[in-house]
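Engineer: Let me give you the structure first, and then I'll get to my questions.
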Amino acid sequence: MTAPEYDVLVLGEVLVEIHAGTALREAADGTAARISYSGDALNAAAAAAAAGARTALLTVVGDDELSVPLLSRAADLGVDVAHVRRAPRPNGAYLLSADPDGDREFVYWRTRSAASTLSPAHVEDWLPLLTGCRALITSGVTGALSPTSRAAVPAAARAVHAAGGLVTYDPNHRPRLTGRAEARSLLAEVAPLTGLLKTSCPADALALVDTADPPTAAARYRALGARTVAVTAGPDRLLLDDGTRAAYHPVPVDPAPVDTTGAGDCFTGTTTARLALGDPLARAVAYGVAAASLSVAGRGGTGRVPSFTETAALAARVAQDTAQPL
C-alpha cells in the first residue's frame with residue numbers, strides 16, 4: 001500500500017496579523033504595531049508540523065505583496081505550501097490587542113478576501129490529496145467566509161471521511177462573521193463526518209448547542225454525530241468525551257502567559273497530528289494540551305510554536321505529577 005503523501009491537511013484561511021501595542025480603543029496616531037501571520041488554519045498547520053506530521057495547507061492567498069512573506073512564514077513553520085492557490089484579491093487581515101490575562105480585542109478585514117474564494121472547485125482539484133491523507137483539519141470560520149467556502153468545508157470533509165481518514169472540526173463560532181443558524185447548519189452537516197470535534201465552552205457551546213455545561217455540550221455534539229468531542233472550558237480544564245466516558249484531563253497552566261491567541265488551534269493541530277501518526281486518543285490529547293499551554297508564551301497566533309520535544313517533555317511531567325498514564 002502506498003504511504004499517504006501527507007499526514008495532515010488543513011483547509012482554511014491564512015491572515016495577516018497586526019498586533020497593536022495597546023488596547024484598540026487607545027490606539028492613537030503613532031501607536032506601534034507588529035506584523036505577523038496567523039489565522040486558524042495556519043496556527044493549526046504549524047502545530048501539526050511541529051508535532052511531527054507531514055502537513056500541507058489548502059487555502060487561497062491574494063495577489064498583494066504580503067503573500068510572499070505570508071507563504072514564506074508558513075514554509076518556515078514546516079508547512080508545505082505547494083498546493084496553495086492564488087486569487088486576484090487582497091489577503092484577509094486582522095488587528096489584535098491582547099494582554100496576559102487573556103483579554104483580547106480583534107478587528108477583522110475579510111470581505112472579498114482571497115481566502116473567501118475557497119470553493120468546491122478547489123476541493124475537486126485537491127481531491128487526490130484529500131483522499132490520500134490521514135487527517136483533515138477545518139473549521140466553522142472557514143465555512144463562514146462566503147457561500148462558496150461554506151460548500152467547500154463539507155465537500156472536503158466528505159472526501160476524507162469516505163476515504164477512511166480522520167476529520168477534525170472546530171466550530172469556532174464568530175458572531176461578527178456568521179449567525180447562529182448558519183453555524184448550526186454547517187455543524188449539523190459536518191458533525192457526522194467528524195472523528196474529533198474540538199469546541200469551547202461556554203462560547204461555542206452556548207451559541208451552537210444551548211448549554212454552558214461542558215459534559216452536556218459534549219453529549220449534544222456527539223448526538224449530532226461527532227465521534228469524539230474535546231471541550232475547552234477555560235485555561236485549566238479540558239473535557240474529553242469519546243462515547244465510552246466523559247472525563248476532565250489535566251491541563252498545565254503557563255505561569256507567565258503572554259497571549260492566548262491560537263492556543264486552541266495549537267491543541268487541535270497537535271492532537272490531530274499525533275492521532276494521524278498513530279498515538280492513542282488520551283496520549284494525543286495530553287500532547288495537545290501541553291503544546292497549547294506552551295504556545296501562550298508567544299505573541300500572536302504563531303508567535304510560539306513549541307517543538308515536539310518540548311511538548312512531550314511537558315506532557316510527561318504532567319502525567320507524572322498527576323499519576324496519569326501517558
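The chains in the C-alpha cells are called A, B, ... from first to last as shown; in each chain the residues are counted from 1, and the ligands are counted from 1 in the order shown.
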Enumerate the residues of region 110-304 of chain A with a DSSP assignment of alpha helix (DSSP H), computed from the backbone, and present them as number ranges by chain.
Structural biologist: A: 120-125, 127-132, 140-143, 147-162, 180-190, 203-209, 214-223, 263-276, 281-295
Engineer: Show me, as number ranges by chain, the residues that have an atom within 12 Å of Leu129 (chain A) when counting only C-alpha atoms, minus same-chain residues fewer than 2 positions from it.
Structural biologist: A: 3-11, 55-58, 82-83, 122-127, 131-136, 156, 159-160, 163, 165
Engineer: Go through A:Ala223, A:Leu96, A:Ala286, A:Leu206 and flag the residue nearest Pro325 (chain A), using only C-alpha atoms for the distances.
Structural biologist: A:Ala286
Engineer: Considering only C-alpha atoms, tabulate each residue of region 110-213 of chain A that lies at most 10 Å from region 32-49 of chain A along with its nearest interatomic pair and the corresponding distance in Å to one decimal; arrange the rows by chain and ascending residue number and present them as CSV.
Structural biologist:
```
residue,atom,partner,partner_atom,distance
A:Ile137,CA,A:Ala44,CA,7.8
A:Thr138,CA,A:Ala41,CA,7.2
A:Ser139,CA,A:Asp40,CA,8.1
A:Val141,CA,A:Asp40,CA,8.1
A:Thr142,CA,A:Ala41,CA,8.5
A:Asp170,CA,A:Asp40,CA,9.6
A:Asn172,CA,A:Asp40,CA,9.1
```
Engineer: Excluding same-chain residues fewer than 2 positions from Ala188 (chain A), what lies within 12 Å of it counting only C-alpha atoms, as a PDB file with C-alpha atoms, in the first residue's frame?
Structural biologist:
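Result went into out_0.pdb, see below:
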```
ATOM      1  CA  GLY A 140     -16.551  26.906  11.168  1.00  0.00           C
ATOM      2  CA  PRO A 154     -18.381  19.656   3.928  1.00  0.00           C
ATOM      3  CA  TYR A 169     -13.607  20.124  13.051  1.00  0.00           C
ATOM      4  CA  PRO A 171     -16.942  25.115  15.072  1.00  0.00           C
ATOM      5  CA  ALA A 181     -28.494  29.491  12.369  1.00  0.00           C
ATOM      6  CA  GLU A 182     -25.848  29.331   9.652  1.00  0.00           C
ATOM      7  CA  ALA A 183     -23.213  27.991  12.069  1.00  0.00           C
ATOM      8  CA  ARG A 184     -25.620  25.348  13.376  1.00  0.00           C
ATOM      9  CA  SER A 185     -26.500  24.286   9.853  1.00  0.00           C
ATOM     10  CA  LEU A 186     -22.843  23.729   8.946  1.00  0.00           C
ATOM     11  CA  VAL A 190     -20.087  18.223   9.233  1.00  0.00           C
ATOM     12  CA  ALA A 191     -20.506  16.606  12.683  1.00  0.00           C
ATOM     13  CA  PRO A 192     -21.448  13.136  11.346  1.00  0.00           C
ATOM     14  CA  LEU A 193     -18.206  13.145   9.331  1.00  0.00           C
ATOM     15  CA  THR A 194     -16.067  14.210  12.288  1.00  0.00           C
ATOM     16  CA  LEU A 208     -24.448  26.143  18.953  1.00  0.00           C
ATOM     17  CA  VAL A 209     -25.863  23.599  21.414  1.00  0.00           C
ATOM     18  CA  ARG A 220     -25.036  17.193  22.383  1.00  0.00           C
ATOM     19  CA  TYR A 221     -22.186  17.391  19.860  1.00  0.00           C
ATOM     20  CA  ARG A 222     -21.933  13.611  19.945  1.00  0.00           C
ATOM     21  CA  ALA A 223     -25.683  13.348  19.392  1.00  0.00           C
ATOM     22  CA  LEU A 224     -25.126  15.326  16.179  1.00  0.00           C
ATOM     23  CA  GLY A 225     -22.724  12.604  15.038  1.00  0.00           C
ATOM     24  CA  ALA A 226     -19.237  13.623  16.191  1.00  0.00           C
TER      25      ALA A 226
END
```
Engineer: How many Å separate CA of Val231 (chain A) from CA of Pro215 (chain A)?
Structural biologist: 8.3 Å
Engineer: I need the residues of region 60-181 of chain A that end up classed as strand (DSSP E or B) by DSSP on the backbone, written out as a list of chain:residue names.
Structural biologist: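 Written out, the strand (DSSP E or B) residues of region 60-181 of chain A are A:Val60, A:Val61, A:Asp80, A:Arg85, A:Arg86, A:Ala93, A:Tyr94, A:Leu95, A:Leu96, A:Ser97, A:Ala98, A:Arg104, A:Glu105, A:Phe106, A:Val107, A:Tyr108, A:Trp109, A:Ala135, A:Leu136, A:Ile137, A:Thr138, A:Ser139, A:Leu166, A:Val167, A:Thr168, A:Tyr169, A:Asp170.
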Engineer: Select, from A:Leu197, A:Leu95, A:Ala151, A:Ala290, the residue with the minimum atom-to-atom distance to Arg317 (chain A), counting only C-alpha atoms.
Structural biologist: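 When distances to Arg317 (chain A) are compared using only C-alpha atoms, the smallest one comes from A:Ala290.
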Engineer: Using CA of Ala93 (chain A) and CA of Leu66 (chain A) as the two end points, give the distance in Å to one decimal.
Structural biologist: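 One can read the CA of Ala93 (chain A) to CA of Leu66 (chain A) distance as 10.4 Å.
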Engineer: So, with only C-alpha atoms as the atoms that count, which of A:Pro252, A:Ala23, A:Thr302, A:Pro280 lies closest to Leu70 (chain A)?
Structural biologist: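 Smallest separation from Leu70 (chain A) among the options: A:Thr302.
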Engineer: In terms of the shortest atom-to-atom distance over only C-alpha atoms, which of A:Gly195, A:Gly288, A:Pro250, A:Gly30 is closest to Arg227 (chain A)?
Structural biologist: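 That would be A:Gly195, the residue with the smallest distance to Arg227 (chain A).
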Engineer: So that I can check the surroundings of Val68 (chain A), please list as a ChimeraX atom specification every protein, DNA and RNA residue that reaches within 12 Å of it, counting only C-alpha atoms and ignoring chain neighbours fewer than 6 positions away.
Structural biologist: /A:16,37,61-62,74-75,81,86,91
Engineer: Contacts of Ser293 (chain A) at 12 Å or less, counting only C-alpha atoms, minus same-chain residues fewer than 3 places along, as a count of residues only?
Structural biologist: 40
Engineer: Measuring atom to atom with only C-alpha atoms, identify which of A:Thr322, A:Thr211, A:Thr178, A:Thr117 is nearest to Val60 (chain A).
Structural biologist: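 Closest to Val60 (chain A) of all the choices is A:Thr117.
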